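Undergrad: Next comes the structure file coords30.txt, holding compact mmCIF, C-alpha atoms.
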```txt
# COMPACT_ATOMS: atom_id res chain seq x y z
CA MET X 11 -235.42 -45.20 2.96
CA HIS X 12 -237.12 -42.67 5.24
CA ALA X 13 -240.92 -42.59 4.86
CA ARG X 14 -241.94 -39.54 2.85
CA PRO X 15 -244.38 -37.30 4.75
CA ASP X 16 -247.59 -36.04 3.25
CA PRO X 17 -246.99 -33.24 0.68
CA SER X 18 -249.04 -30.88 2.87
CA VAL X 19 -246.53 -31.42 5.68
CA LEU X 20 -243.60 -30.89 3.33
CA SER X 21 -245.20 -27.64 2.16
CA GLN X 22 -245.24 -26.02 5.60
CA ARG X 23 -242.83 -23.15 6.27
CA ALA X 24 -241.91 -21.15 9.33
CA PRO X 25 -242.62 -17.39 9.32
CA VAL X 26 -239.97 -15.33 7.56
CA GLU X 27 -239.26 -13.26 10.67
CA GLU X 28 -238.59 -16.38 12.74
CA VAL X 29 -236.14 -17.80 10.20
CA LEU X 30 -234.31 -14.51 9.74
CA ALA X 31 -233.97 -14.07 13.51
CA LEU X 32 -232.49 -17.53 13.85
CA ALA X 33 -230.16 -16.85 10.92
CA GLU X 34 -228.94 -13.64 12.54
CA ARG X 35 -228.22 -15.43 15.83
CA PHE X 36 -226.19 -18.14 14.12
CA GLN X 37 -224.30 -15.72 11.86
CA ASP X 38 -222.50 -14.23 14.86
CA THR X 39 -221.19 -17.56 16.17
CA PHE X 40 -217.75 -19.10 15.86
CA ALA X 41 -219.39 -22.07 14.10
CA ALA X 42 -220.46 -19.82 11.21
CA ALA X 43 -216.87 -18.65 10.68
CA THR X 44 -215.67 -22.26 10.82
CA LEU X 45 -218.19 -23.44 8.21
CA ASP X 46 -217.21 -20.53 5.96
CA ALA X 47 -213.62 -21.77 5.95
CA LEU X 48 -214.58 -25.23 4.68
CA PRO X 49 -214.11 -26.06 0.97
CA TRP X 50 -217.53 -27.76 0.71
CA ALA X 51 -220.93 -26.22 0.19
CA VAL X 52 -222.67 -26.25 3.58
CA ILE X 53 -226.13 -25.11 4.69
CA LEU X 54 -228.15 -25.25 7.90
CA MET X 55 -231.91 -25.75 7.70
CA ASN X 56 -234.75 -25.57 10.16
CA SER X 57 -237.35 -28.33 10.55
CA HIS X 58 -239.17 -27.03 7.45
CA ARG X 59 -235.99 -27.28 5.32
CA GLN X 60 -235.66 -23.51 5.07
CA ILE X 61 -232.06 -22.33 4.90
CA VAL X 62 -230.98 -20.37 7.97
CA TYR X 63 -227.30 -20.32 7.05
CA ARG X 64 -225.22 -20.93 3.93
CA ASN X 65 -221.45 -20.81 3.79
CA LYS X 66 -219.34 -19.28 1.04
CA GLY X 67 -219.01 -22.64 -0.70
CA PHE X 68 -222.77 -22.90 -1.08
CA GLU X 69 -223.00 -19.26 -2.19
CA ARG X 70 -220.72 -20.11 -5.12
CA MET X 71 -222.89 -23.09 -6.04
CA ALA X 72 -226.25 -21.32 -5.61
CA VAL X 73 -227.98 -19.05 -8.11
CA SER X 74 -227.20 -15.45 -7.23
CA ASP X 75 -230.80 -14.29 -7.74
CA HIS X 76 -231.89 -16.37 -4.76
CA CYS X 77 -229.08 -15.53 -2.39
CA GLY X 78 -230.44 -12.22 -1.17
CA HIS X 79 -234.04 -13.33 -0.82
CA GLY X 80 -235.96 -14.86 2.07
CA PRO X 81 -235.63 -18.29 3.67
CA VAL X 82 -235.64 -20.52 0.59
CA ARG X 83 -235.10 -24.27 0.46
CA PRO X 84 -232.06 -26.02 -1.09
CA GLY X 85 -233.67 -26.79 -4.48
CA GLU X 86 -234.93 -23.23 -4.76
CA ALA X 87 -231.51 -21.79 -3.94
CA LEU X 88 -229.92 -24.06 -6.56
CA ASP X 89 -232.62 -23.18 -9.13
CA CYS X 90 -233.73 -26.79 -9.53
CA ARG X 91 -236.24 -27.07 -12.39
CA HIS X 92 -238.55 -29.15 -10.18
CA ALA X 93 -238.42 -26.87 -7.14
CA ASN X 94 -241.49 -24.86 -8.10
CA LEU X 95 -243.58 -27.61 -9.72
CA GLY X 96 -245.15 -28.78 -6.44
CA PRO X 97 -247.82 -26.97 -4.42
CA GLY X 98 -245.37 -26.04 -1.66
CA GLY X 99 -242.15 -25.52 -3.58
CA CYS X 100 -238.97 -27.54 -3.12
CA GLY X 101 -239.69 -31.08 -1.93
CA THR X 102 -243.37 -31.27 -2.88
CA SER X 103 -243.44 -32.22 -6.58
CA GLU X 104 -243.72 -35.78 -7.88
CA TYR X 105 -240.09 -35.54 -8.98
CA CYS X 106 -238.96 -34.68 -5.45
CA GLN X 107 -239.88 -38.08 -4.02
CA TYR X 108 -236.83 -39.50 -5.84
CA CYS X 109 -234.48 -36.67 -4.87
CA GLY X 110 -231.45 -37.93 -2.94
CA MET X 111 -231.04 -34.57 -1.21
CA LEU X 112 -234.61 -34.61 0.13
CA GLN X 113 -234.20 -38.21 1.28
CA ALA X 114 -230.95 -37.30 3.07
CA ILE X 115 -232.58 -34.35 4.83
CA LEU X 116 -235.60 -36.36 5.98
CA GLU X 117 -233.44 -39.25 7.18
CA ALA X 118 -231.22 -36.81 9.08
CA GLU X 119 -234.09 -36.33 11.54
CA MET X 120 -232.98 -39.72 12.92
CA LYS X 121 -229.31 -40.15 11.96
CA SER X 122 -226.48 -38.90 9.77
CA ASN X 123 -226.46 -40.26 6.23
CA VAL X 124 -224.86 -39.81 2.81
CA ARG X 125 -226.65 -39.87 -0.56
CA GLU X 126 -226.14 -38.83 -4.13
CA CYS X 127 -228.52 -36.62 -6.05
CA ARG X 128 -228.83 -34.89 -9.39
CA VAL X 129 -230.17 -31.34 -9.51
CA LEU X 130 -231.54 -30.42 -12.93
CA LYS X 131 -231.11 -26.70 -13.58
CA ALA X 132 -230.86 -24.33 -16.53
CA ASP X 133 -227.48 -23.21 -17.84
CA ALA X 134 -226.70 -19.74 -19.25
CA GLU X 135 -228.41 -20.66 -22.54
CA GLY X 136 -231.49 -22.02 -20.82
CA GLU X 137 -230.60 -25.66 -21.58
CA ASP X 138 -230.88 -28.42 -19.00
CA GLU X 139 -227.73 -28.88 -16.93
CA ALA X 140 -227.32 -31.68 -14.36
CA LEU X 141 -225.47 -30.92 -11.14
CA ASP X 142 -224.34 -34.20 -9.57
CA LEU X 143 -223.90 -33.91 -5.83
CA ARG X 144 -222.89 -36.15 -2.95
CA VAL X 145 -224.69 -34.81 0.12
CA THR X 146 -224.10 -35.56 3.79
CA ALA X 147 -226.88 -34.64 6.20
CA CYS X 148 -226.87 -34.79 9.98
CA PRO X 149 -228.91 -33.35 12.86
CA ILE X 150 -227.36 -30.65 15.08
CA GLN X 151 -228.58 -28.63 18.04
CA PHE X 152 -228.26 -24.84 18.14
CA ASP X 153 -229.50 -23.25 21.36
CA ASP X 154 -233.06 -24.58 21.67
CA CYS X 155 -233.46 -25.31 17.95
CA LYS X 156 -233.00 -28.62 16.16
CA LEU X 157 -231.36 -27.97 12.79
CA THR X 158 -230.12 -30.09 9.89
CA LEU X 159 -226.63 -29.58 8.52
CA LEU X 160 -226.17 -30.52 4.89
CA ALA X 161 -222.78 -30.57 3.16
CA ALA X 162 -222.73 -30.95 -0.64
CA GLN X 163 -219.82 -31.97 -2.84
CA ASP X 164 -219.96 -31.52 -6.60
CA ILE X 165 -219.19 -34.95 -8.12
CA SER X 166 -220.11 -34.09 -11.70
CA TYR X 167 -216.52 -34.65 -12.84
CA GLU X 168 -216.38 -37.97 -10.98
CA LYS X 169 -219.60 -39.14 -12.65
CA ARG X 170 -218.40 -38.11 -16.11
CA LEU X 171 -215.12 -39.95 -15.49
CA GLU X 172 -216.98 -43.12 -14.44
CA THR X 173 -219.04 -43.01 -17.64
CA MET X 174 -215.96 -42.48 -19.79
CA GLU X 175 -214.18 -45.35 -18.03
CA ARG X 176 -217.06 -47.75 -18.63
CA VAL X 177 -217.11 -46.88 -22.34
CA PHE X 178 -213.31 -47.05 -22.56
CA TYR X 179 -213.00 -50.44 -20.87
CA HIS X 180 -215.85 -51.86 -22.92
CA ASP X 181 -214.38 -50.70 -26.24
CA ILE X 182 -210.76 -51.55 -25.53
CA LEU X 183 -211.65 -55.02 -24.21
CA ASN X 184 -213.58 -55.63 -27.43
CA SER X 185 -210.52 -54.57 -29.43
CA ALA X 186 -208.24 -56.88 -27.45
CA SER X 187 -210.66 -59.77 -27.93
CA ASN X 188 -210.82 -59.06 -31.68
CA LEU X 189 -207.02 -59.17 -31.82
CA ASP X 190 -206.99 -62.60 -30.19
CA GLY X 191 -209.74 -63.79 -32.54
CA LEU X 192 -207.75 -62.63 -35.55
CA ALA X 193 -204.68 -64.49 -34.28
CA GLN X 194 -206.73 -67.68 -33.95
CA LEU X 195 -207.90 -67.33 -37.57
CA LEU X 196 -204.30 -66.94 -38.72
CA GLU X 197 -203.12 -70.12 -37.01
CA GLY X 198 -204.32 -72.36 -39.81
CA GLU X 199 -203.25 -70.02 -42.61
CA VAL X 200 -199.54 -69.53 -41.93
CA SER X 201 -196.42 -71.66 -42.30
CA PRO X 202 -194.89 -73.47 -39.31
CA ARG X 203 -192.40 -70.64 -38.92
CA GLY X 204 -195.16 -68.07 -39.10
CA ARG X 205 -197.14 -69.97 -36.45
CA GLU X 206 -194.47 -68.99 -33.92
CA TYR X 207 -195.28 -65.32 -34.52
CA VAL X 208 -198.99 -66.03 -34.32
CA ASP X 209 -198.41 -67.65 -30.91
CA LEU X 210 -196.56 -64.53 -29.78
CA LEU X 211 -199.43 -62.37 -31.07
CA ARG X 212 -201.96 -64.44 -29.14
CA MET X 213 -199.85 -64.32 -25.99
CA SER X 214 -199.51 -60.53 -26.28
CA SER X 215 -203.24 -60.04 -26.84
CA LEU X 216 -204.06 -62.18 -23.79
CA ARG X 217 -201.66 -60.17 -21.63
CA ILE X 218 -203.14 -56.90 -22.89
CA ASN X 219 -206.59 -58.21 -22.04
CA GLU X 220 -205.47 -59.21 -18.54
CA GLU X 221 -203.84 -55.81 -17.91
CA ILE X 222 -207.03 -54.01 -18.93
CA LEU X 223 -209.14 -56.22 -16.66
CA ALA X 224 -206.70 -55.67 -13.80
CA GLN X 225 -206.92 -51.87 -14.13
CA ARG X 226 -210.70 -52.02 -14.41
CA ASP X 227 -210.97 -54.12 -11.27
CA LEU X 228 -208.57 -51.84 -9.40
CA ARG X 229 -210.79 -48.84 -10.15
CA ALA X 230 -213.83 -50.84 -9.02
CA ALA X 231 -211.99 -51.79 -5.82
CA GLU X 232 -211.22 -48.13 -5.09
CA ARG X 233 -214.87 -47.22 -5.59
CA GLY X 234 -215.94 -50.06 -3.31
CA ASP X 235 -217.98 -51.99 -5.87
CA LEU X 236 -215.61 -54.76 -6.95
CA VAL X 237 -217.52 -58.05 -7.33
CA ILE X 238 -215.81 -61.11 -5.85
CA GLY X 239 -216.28 -64.57 -7.33
CA GLU X 240 -215.33 -67.26 -4.82
CA ALA X 241 -214.25 -70.78 -5.76
CA VAL X 242 -212.36 -73.62 -4.12
CA ILE X 243 -208.68 -73.85 -5.08
CA THR X 244 -205.65 -75.56 -3.60
CA ALA X 245 -202.47 -73.65 -2.89
CA ASP X 246 -200.54 -75.78 -5.40
CA GLN X 247 -203.13 -75.05 -8.09
CA ALA X 248 -202.80 -71.30 -7.45
CA LEU X 249 -199.03 -71.52 -7.79
CA ALA X 250 -199.23 -73.61 -10.97
CA ARG X 251 -201.71 -71.25 -12.64
CA THR X 252 -199.53 -68.25 -11.85
CA ARG X 253 -196.34 -69.97 -13.01
CA ALA X 254 -198.01 -70.93 -16.30
CA ALA X 255 -198.90 -67.27 -16.91
CA PHE X 256 -195.17 -66.43 -17.01
CA GLU X 257 -194.22 -69.05 -19.59
CA GLY X 258 -192.28 -67.20 -22.28
CA HIS X 259 -192.59 -63.86 -20.47
CA GLU X 260 -189.93 -61.34 -21.48
CA LEU X 261 -188.95 -60.83 -17.82
CA THR X 262 -187.88 -64.49 -17.58
CA ILE X 263 -185.48 -64.37 -20.53
CA ASP X 264 -182.39 -63.86 -18.37
CA ARG X 265 -183.87 -64.61 -14.95
CA LYS X 266 -185.30 -67.85 -13.59
CA LEU X 267 -188.68 -68.23 -11.90
CA ALA X 268 -188.72 -71.26 -9.58
CA VAL X 269 -191.68 -72.79 -7.72
CA GLN X 270 -191.32 -74.19 -4.23
CA ILE X 271 -193.91 -76.91 -3.63
CA CYS X 272 -196.25 -76.33 -0.66
CA ASP X 273 -195.07 -77.96 2.55
CA GLN X 274 -198.53 -79.50 3.09
CA PRO X 275 -201.90 -79.67 1.25
CA MET X 276 -203.95 -76.49 1.70
CA THR X 277 -207.36 -75.55 0.34
CA LEU X 278 -208.77 -72.04 0.10
CA ARG X 279 -212.08 -70.55 -0.88
CA THR X 280 -211.25 -67.29 -2.62
CA ASP X 281 -211.32 -65.40 -5.90
CA ALA X 282 -208.66 -67.28 -7.86
CA THR X 283 -208.39 -64.59 -10.55
CA LEU X 284 -207.67 -61.81 -8.05
CA LEU X 285 -205.23 -64.02 -6.14
CA GLY X 286 -203.45 -64.75 -9.43
CA ARG X 287 -203.15 -61.03 -10.18
CA ILE X 288 -201.69 -60.31 -6.75
CA LEU X 289 -199.12 -63.09 -7.12
CA GLY X 290 -198.42 -61.93 -10.68
CA ASN X 291 -197.67 -58.41 -9.46
CA MET X 292 -195.33 -59.78 -6.82
CA ILE X 293 -193.51 -61.86 -9.43
CA LYS X 294 -193.18 -58.97 -11.90
CA ASN X 295 -191.76 -56.71 -9.20
CA ALA X 296 -189.35 -59.42 -8.06
CA LEU X 297 -188.13 -60.15 -11.59
CA GLU X 298 -187.66 -56.45 -12.36
CA ALA X 299 -185.72 -55.96 -9.12
CA SER X 300 -183.44 -58.96 -9.75
CA GLN X 301 -180.14 -59.02 -11.60
CA PRO X 302 -179.61 -61.14 -14.75
CA GLY X 303 -178.98 -64.76 -13.81
CA GLU X 304 -180.68 -64.51 -10.41
CA ILE X 305 -183.54 -66.75 -9.30
CA VAL X 306 -186.96 -65.56 -8.15
CA THR X 307 -188.77 -68.11 -6.01
CA MET X 308 -192.50 -68.39 -5.40
CA GLY X 309 -194.14 -70.79 -3.00
CA CYS X 310 -196.65 -71.33 -0.22
CA ARG X 311 -196.47 -72.45 3.38
CA ARG X 312 -198.86 -72.78 6.27
CA ALA X 313 -198.94 -69.91 8.78
CA GLY X 314 -201.30 -70.90 11.58
CA ASP X 315 -204.83 -70.96 10.16
CA ALA X 316 -203.72 -69.20 6.94
CA ALA X 317 -201.93 -70.06 3.72
CA GLU X 318 -198.97 -67.76 3.11
CA PHE X 319 -198.02 -67.31 -0.54
CA PHE X 320 -194.62 -65.69 -1.00
CA VAL X 321 -192.32 -64.41 -3.75
CA HIS X 322 -188.62 -63.97 -2.99
CA ASN X 323 -185.78 -62.30 -4.85
CA PRO X 324 -182.15 -61.94 -3.69
CA GLU X 325 -181.99 -58.12 -3.80
CA GLU X 326 -182.65 -55.77 -0.86
CA MET X 327 -185.07 -52.88 -1.31
CA GLU X 328 -183.82 -49.34 -0.82
CA GLN X 329 -184.90 -47.67 2.43
CA GLU X 330 -187.10 -45.13 0.62
CA ALA X 331 -188.95 -47.95 -1.13
CA LYS X 332 -189.42 -49.87 2.12
CA LEU X 333 -191.16 -46.90 3.71
CA GLN X 334 -193.43 -46.01 0.78
CA VAL X 335 -193.96 -49.18 -1.23
CA PHE X 336 -197.72 -49.48 -0.59
CA LYS X 337 -198.56 -45.82 -1.27
CA ARG X 338 -200.84 -45.34 -4.25
CA SER X 339 -198.56 -43.34 -6.52
CA TYR X 340 -195.13 -44.35 -5.28
CA SER X 341 -192.87 -46.31 -7.62
CA THR X 342 -189.18 -46.90 -8.13
CA LYS X 343 -189.84 -47.24 -11.87
CA GLY X 344 -190.60 -43.59 -12.63
CA PRO X 345 -193.75 -41.44 -13.11
CA GLY X 346 -197.01 -43.12 -14.03
CA ARG X 347 -196.25 -46.34 -12.12
CA GLY X 348 -196.93 -47.44 -8.57
CA LEU X 349 -200.37 -49.09 -8.65
CA GLY X 350 -199.01 -52.66 -8.42
CA THR X 351 -198.17 -52.95 -4.71
CA TYR X 352 -200.90 -50.50 -3.74
CA GLY X 353 -203.50 -52.44 -5.72
CA MET X 354 -202.54 -55.85 -4.41
CA LYS X 355 -202.69 -54.67 -0.78
CA LEU X 356 -206.05 -52.95 -1.36
CA ILE X 357 -207.68 -55.96 -3.01
CA ALA X 358 -206.13 -58.56 -0.69
CA GLN X 359 -207.09 -56.86 2.54
CA ARG X 360 -210.40 -55.23 1.63
CA TYR X 361 -211.88 -57.94 -0.58
CA LEU X 362 -210.09 -61.24 0.04
CA GLY X 363 -209.78 -60.94 3.80
CA GLY X 364 -206.03 -61.41 3.65
CA VAL X 365 -202.87 -59.63 4.75
CA VAL X 366 -200.08 -58.38 2.48
CA GLY X 367 -196.60 -57.52 3.68
CA PHE X 368 -192.88 -57.89 2.99
CA THR X 369 -189.46 -58.35 4.56
CA SER X 370 -186.23 -57.06 3.08
CA SER X 371 -182.61 -57.17 4.17
CA ALA X 372 -179.17 -57.41 2.61
CA GLU X 373 -178.67 -60.90 4.03
CA ALA X 374 -182.06 -62.45 3.16
CA GLY X 375 -183.15 -60.45 0.12
CA THR X 376 -186.78 -59.36 -0.34
CA THR X 377 -189.89 -61.46 0.22
CA PHE X 378 -193.43 -60.27 -0.45
CA PHE X 379 -196.26 -62.37 0.94
CA ILE X 380 -200.02 -62.62 1.09
CA ARG X 381 -201.74 -64.58 3.86
CA LEU X 382 -205.24 -65.85 3.16
CA PRO X 383 -207.44 -67.73 5.65
CA LEU X 384 -207.83 -71.45 5.08
CA LYS X 385 -211.45 -72.53 4.77
CA GLU X 386 -213.20 -75.84 4.55
CA ALA X 387 -214.66 -76.33 1.08
CA PRO X 388 -218.45 -76.92 1.28
CA GLN X 389 -220.01 -79.91 -0.46
CA GLY X 390 -220.54 -79.32 -4.19
CA ALA X 391 -218.50 -76.10 -4.28
CA ALA X 392 -216.97 -74.97 -7.58
CA SER X 393 -213.37 -75.98 -8.05
CA CYS X 394 -210.52 -74.39 -10.00
CA SER X 395 -208.27 -76.76 -11.91
CA ALA X 396 -204.63 -76.09 -12.67
CA PRO X 397 -203.69 -75.90 -16.38
CA GLU X 398 -202.21 -79.06 -17.80
CA GLY X 399 -198.43 -79.11 -17.88
CA SER X 400 -198.06 -76.43 -15.19
CA ALA X 401 -194.96 -76.51 -13.05
```
Take the structure I supplied and represent it as structure tokens, if you would.
TA:
Amino acid sequence: MHARPDPSVLSQRAPVEEVLALAERFQDTFAAATLDALPWAVILMNSHRQIVYRNKGFERMAVSDHCGHGPVRPGEALDCRHANLGPGGCGTSEYCQYCGMLQAILEAEMKSNVRECRVLKADAEGEDEALDLRVTACPIQFDDCKLTLLAAQDISYEKRLETMERVFYHDILNSASNLDGLAQLLEGEVSPRGREYVDLLRMSSLRINEEILAQRDLRAAERGDLVIGEAVITADQALARTRAAFEGHELTIDRKLAVQICDQPMTLRTDATLLGRILGNMIKNALEASQPGEIVTMGCRRAGDAAEFFVHNPEEMEQEAKLQVFKRSYSTKGPGRGLGTYGMKLIAQRYLGGVVGFTSSAEAGTTFFIRLPLKEAPQGAASCSAPEGSA
């Protein structure tokens, strides 16, 4: 974090005439017209953080009462409740030392940077209203003047969505866990025939729980804050765990899922849960693409210094699917689908250090694969065990 100057330094302002003259010079440039065409709120400030130019995007965000006045600072233009609490206006109150916008502006004296901030302002009824912004600040040179460009994006909707997602995932995971707990209680209370239905209930609740966790982790991966838990696992163990997850799965009723044993022992250090989800997505897609009676094969083989897990089905993909399969919202299964292949590529390549790809032809069918680097397991590292009875 950039060292915060003395409040007396932050209070200093350039003469009004000087700022207005600079603003007039910039207003007639091609750069001003370019900034006006941008969809973001953009301002230029002098070394005292006084606004010398604001584009139309910032005009829409700012309070109209300030727009026609002298060279104000960002918090004053946005009517921040803390802007006038300090001795020198915006940037000088005790609240301002924690302001992400001020920190971004000060750090921009040295380099470009991005921060988030929350501007507390009054709404039409005089109640507190928080404006969540993501601000990008960078130094620029205009004639003989060093200015700071600040672009602000309103992320209030994004922040509200994140909060709603956290509450949603928390509540729905609790409900799924309660369903599994109820099924466990019923196991000892029902007849042998009824126990079969209890087993199906438990299996369904576990799959629901896993789907919720998978969607939660995908959203975290897109935001860049997915937490990885590494453990040592062999390639055969990874295959066995994934195969066990498809025992009794409805997709395997009229299709067979076969496991091809690894051609040689291989050990990885990776997040076994995320690897299992990626392989699970590959298997689901392969089973759905196959015809009744066909065999889907999963296995692993060595590819140089990597372990290559693969899932094969006999059908060829359509050309449209080949060209768009990893796009976020593309799916051959209709609207609302399409996160499977996109998600597995995102997580594998950004978080697991692997590579995801596929081959598809009429002669050879379709094979999806993930290559993960082989690593030596350090002494005393955690180990993942395959479930008993796994194929």
Undergrad: Select, from X:Thr173, X:Ser185, X:Ser201, X:Thr39, the residue with the minimum atom-to-atom distance to Phe152 in chain X, counting only C-alpha atoms.
TA: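 Checking each of X:Thr173, X:Ser185, X:Ser201, X:Thr39 against Phe152 in chain X, counting only C-alpha atoms, the winner is X:Thr39.
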Undergrad: Please, which residues are within 10 Å of (-242.0, -30.9, -4.8) by the file's coordinates, counting only C-alpha atoms, and could they come as a count of residues only?
TA: 22
Undergrad: Just how far from CA of Thr252 in chain X is CA of Gly286 in chain X, in Å to one decimal?
TA: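 The value is 5.8 Å.
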Undergrad: Let me have the centre and edge lengths of the axis-aligned box enclosing all listed atoms of range 19-35 of chain X with 6 Å padding on every side, in Å to one decimal, as lines of an AutoDock Vina configuration file.
TA:
```
center_x = -237.4
center_y = -22.3
center_z = 9.0
size_x = 30.3
size_y = 30.2
size_z = 25.7
```
Undergrad: In Å, rounded to a single decimal, give me how far CA of Arg253 in chain X is from CA of Tyr207 in chain X.
TA: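 Going from CA of Tyr207 in chain X over to CA of Arg253 in chain X, I get 22.0 Å.
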Undergrad: Please, which residues in range 298-337 of chain X fall within 8 Å of range 367-387 of chain X when counting all atoms listed in the file, and what is the closest atom pair and distance in Å to one decimal for each, ordered by chain then residue number, as a Markdown table?
TA:
```
| residue | atom | partner | partner_atom | distance |
| --- | --- | --- | --- | --- |
| X:Ala313 | CA | X:Arg381 | CA | 7.8 |
| X:Asp315 | CA | X:Leu384 | CA | 5.9 |
| X:Ala316 | CA | X:Pro383 | CA | 4.2 |
| X:Ala317 | CA | X:Leu382 | CA | 5.4 |
| X:Glu318 | CA | X:Arg381 | CA | 4.3 |
| X:Phe319 | CA | X:Ile380 | CA | 5.4 |
| X:Phe320 | CA | X:Phe379 | CA | 4.2 |
| X:Val321 | CA | X:Phe378 | CA | 5.4 |
| X:His322 | CA | X:Thr377 | CA | 4.3 |
| X:Asn323 | CA | X:Thr376 | CA | 5.5 |
| X:Pro324 | CA | X:Gly375 | CA | 4.2 |
| X:Glu325 | CA | X:Gly375 | CA | 4.7 |
| X:Glu326 | CA | X:Gly375 | CA | 4.8 |
| X:Met327 | CA | X:Ser370 | CA | 6.2 |
| X:Lys332 | CA | X:Ser370 | CA | 7.9 |
```
Undergrad: Deliver the residues from the most recent selection as a file, using C-alpha atoms, as a tab-separated table (two decimals), keeping the file's coordinate frame.
TA:
```tsv
chain	number	residue	atom	x	y	z
X	313	ALA	CA	-198.94	-69.91	8.78
X	315	ASP	CA	-204.83	-70.96	10.16
X	316	ALA	CA	-203.72	-69.20	6.94
X	317	ALA	CA	-201.93	-70.06	3.72
X	318	GLU	CA	-198.97	-67.76	3.11
X	319	PHE	CA	-198.02	-67.31	-0.54
X	320	PHE	CA	-194.62	-65.69	-1.00
X	321	VAL	CA	-192.32	-64.41	-3.75
X	322	HIS	CA	-188.62	-63.97	-2.99
X	323	ASN	CA	-185.78	-62.30	-4.85
X	324	PRO	CA	-182.15	-61.94	-3.69
X	325	GLU	CA	-181.99	-58.12	-3.80
X	326	GLU	CA	-182.65	-55.77	-0.86
X	327	MET	CA	-185.07	-52.88	-1.31
X	332	LYS	CA	-189.42	-49.87	2.12
```
Undergrad: From (-218.7, -29.8, -4.0), in the file's coordinates, out to 7 Å: which residues are reached, counting only C-alpha atoms? Answer as JSON, numbers by chain.
TA: {"X": [50, 51, 143, 162, 163, 164, 165]}
Undergrad: Could you save those same residues with C-alpha atoms as a PDB file, keeping the file's coordinate frame?
TA:
```
ATOM      1  CA  TRP X  50    -217.530 -27.760   0.710  1.00  0.00           C
ATOM      2  CA  ALA X  51    -220.930 -26.220   0.190  1.00  0.00           C
ATOM      3  CA  LEU X 143    -223.900 -33.910  -5.830  1.00  0.00           C
ATOM      4  CA  ALA X 162    -222.730 -30.950  -0.640  1.00  0.00           C
ATOM      5  CA  GLN X 163    -219.820 -31.970  -2.840  1.00  0.00           C
ATOM      6  CA  ASP X 164    -219.960 -31.520  -6.600  1.00  0.00           C
ATOM      7  CA  ILE X 165    -219.190 -34.950  -8.120  1.00  0.00           C
TER       8      ILE X 165
END
```
Undergrad: When you draw a straight line from CA of Tyr63 in chain X to CA of Leu45 in chain X, how long is it in Å?
TA: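 Atom-to-atom, CA of Tyr63 in chain X and CA of Leu45 in chain X are spaced 9.7 Å apart.
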Undergrad: I need the residue nearest Arg251 in chain X from this list: X:Leu228, X:Leu362, X:Ile357, X:Ala282. Use all atoms listed in the file for the distance.
TA: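 Of the candidates, the smallest distance to Arg251 in chain X is held by X:Ala282.
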Undergrad: Quick one: of X:Gly234, X:Pro81, X:Pro49, X:Pro275, who's nearest to Ala33 in chain X, counting all atoms listed in the file?
TA: X:Pro81
Undergrad: Neighbouring residues of range 123-135 of chain X were defined as those with any atom within 12 Å, considering all atoms listed in the file; residues of the same chain fewer than 5 positions away were excluded. Please report them as a compact mmCIF listing (two decimals) with C-alpha atoms, in the coordinates of the input.
TA:
```txt
# COMPACT_ATOMS: atom_id res chain seq x y z
CA MET X 11 -235.42 -45.20 2.96
CA HIS X 12 -237.12 -42.67 5.24
CA MET X 71 -222.89 -23.09 -6.04
CA ALA X 72 -226.25 -21.32 -5.61
CA VAL X 73 -227.98 -19.05 -8.11
CA PRO X 84 -232.06 -26.02 -1.09
CA GLY X 85 -233.67 -26.79 -4.48
CA GLU X 86 -234.93 -23.23 -4.76
CA ALA X 87 -231.51 -21.79 -3.94
CA LEU X 88 -229.92 -24.06 -6.56
CA ASP X 89 -232.62 -23.18 -9.13
CA CYS X 90 -233.73 -26.79 -9.53
CA ARG X 91 -236.24 -27.07 -12.39
CA HIS X 92 -238.55 -29.15 -10.18
CA ALA X 93 -238.42 -26.87 -7.14
CA ASN X 94 -241.49 -24.86 -8.10
CA CYS X 100 -238.97 -27.54 -3.12
CA TYR X 105 -240.09 -35.54 -8.98
CA CYS X 106 -238.96 -34.68 -5.45
CA GLN X 107 -239.88 -38.08 -4.02
CA TYR X 108 -236.83 -39.50 -5.84
CA CYS X 109 -234.48 -36.67 -4.87
CA GLY X 110 -231.45 -37.93 -2.94
CA MET X 111 -231.04 -34.57 -1.21
CA LEU X 112 -234.61 -34.61 0.13
CA GLN X 113 -234.20 -38.21 1.28
CA ALA X 114 -230.95 -37.30 3.07
CA ILE X 115 -232.58 -34.35 4.83
CA LEU X 116 -235.60 -36.36 5.98
CA GLU X 117 -233.44 -39.25 7.18
CA ALA X 118 -231.22 -36.81 9.08
CA ALA X 140 -227.32 -31.68 -14.36
CA LEU X 141 -225.47 -30.92 -11.14
CA ASP X 142 -224.34 -34.20 -9.57
CA LEU X 143 -223.90 -33.91 -5.83
CA ARG X 144 -222.89 -36.15 -2.95
CA VAL X 145 -224.69 -34.81 0.12
CA THR X 146 -224.10 -35.56 3.79
CA ALA X 147 -226.88 -34.64 6.20
CA CYS X 148 -226.87 -34.79 9.98
CA PRO X 149 -228.91 -33.35 12.86
CA THR X 158 -230.12 -30.09 9.89
CA LEU X 159 -226.63 -29.58 8.52
CA LEU X 160 -226.17 -30.52 4.89
CA ALA X 161 -222.78 -30.57 3.16
CA ALA X 162 -222.73 -30.95 -0.64
CA GLN X 163 -219.82 -31.97 -2.84
CA ASP X 164 -219.96 -31.52 -6.60
CA ILE X 165 -219.19 -34.95 -8.12
CA SER X 166 -220.11 -34.09 -11.70
CA GLU X 168 -216.38 -37.97 -10.98
CA LYS X 169 -219.60 -39.14 -12.65
```
Undergrad: Choose the residue, out of X:Gly353, X:Gly303, X:Gly204, X:Gly363, that has the smallest atom-to-atom separation from Ile238 in chain X; count all atoms listed in the file.
TA: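 Result for the nearest residue to Ile238 in chain X: X:Gly363.
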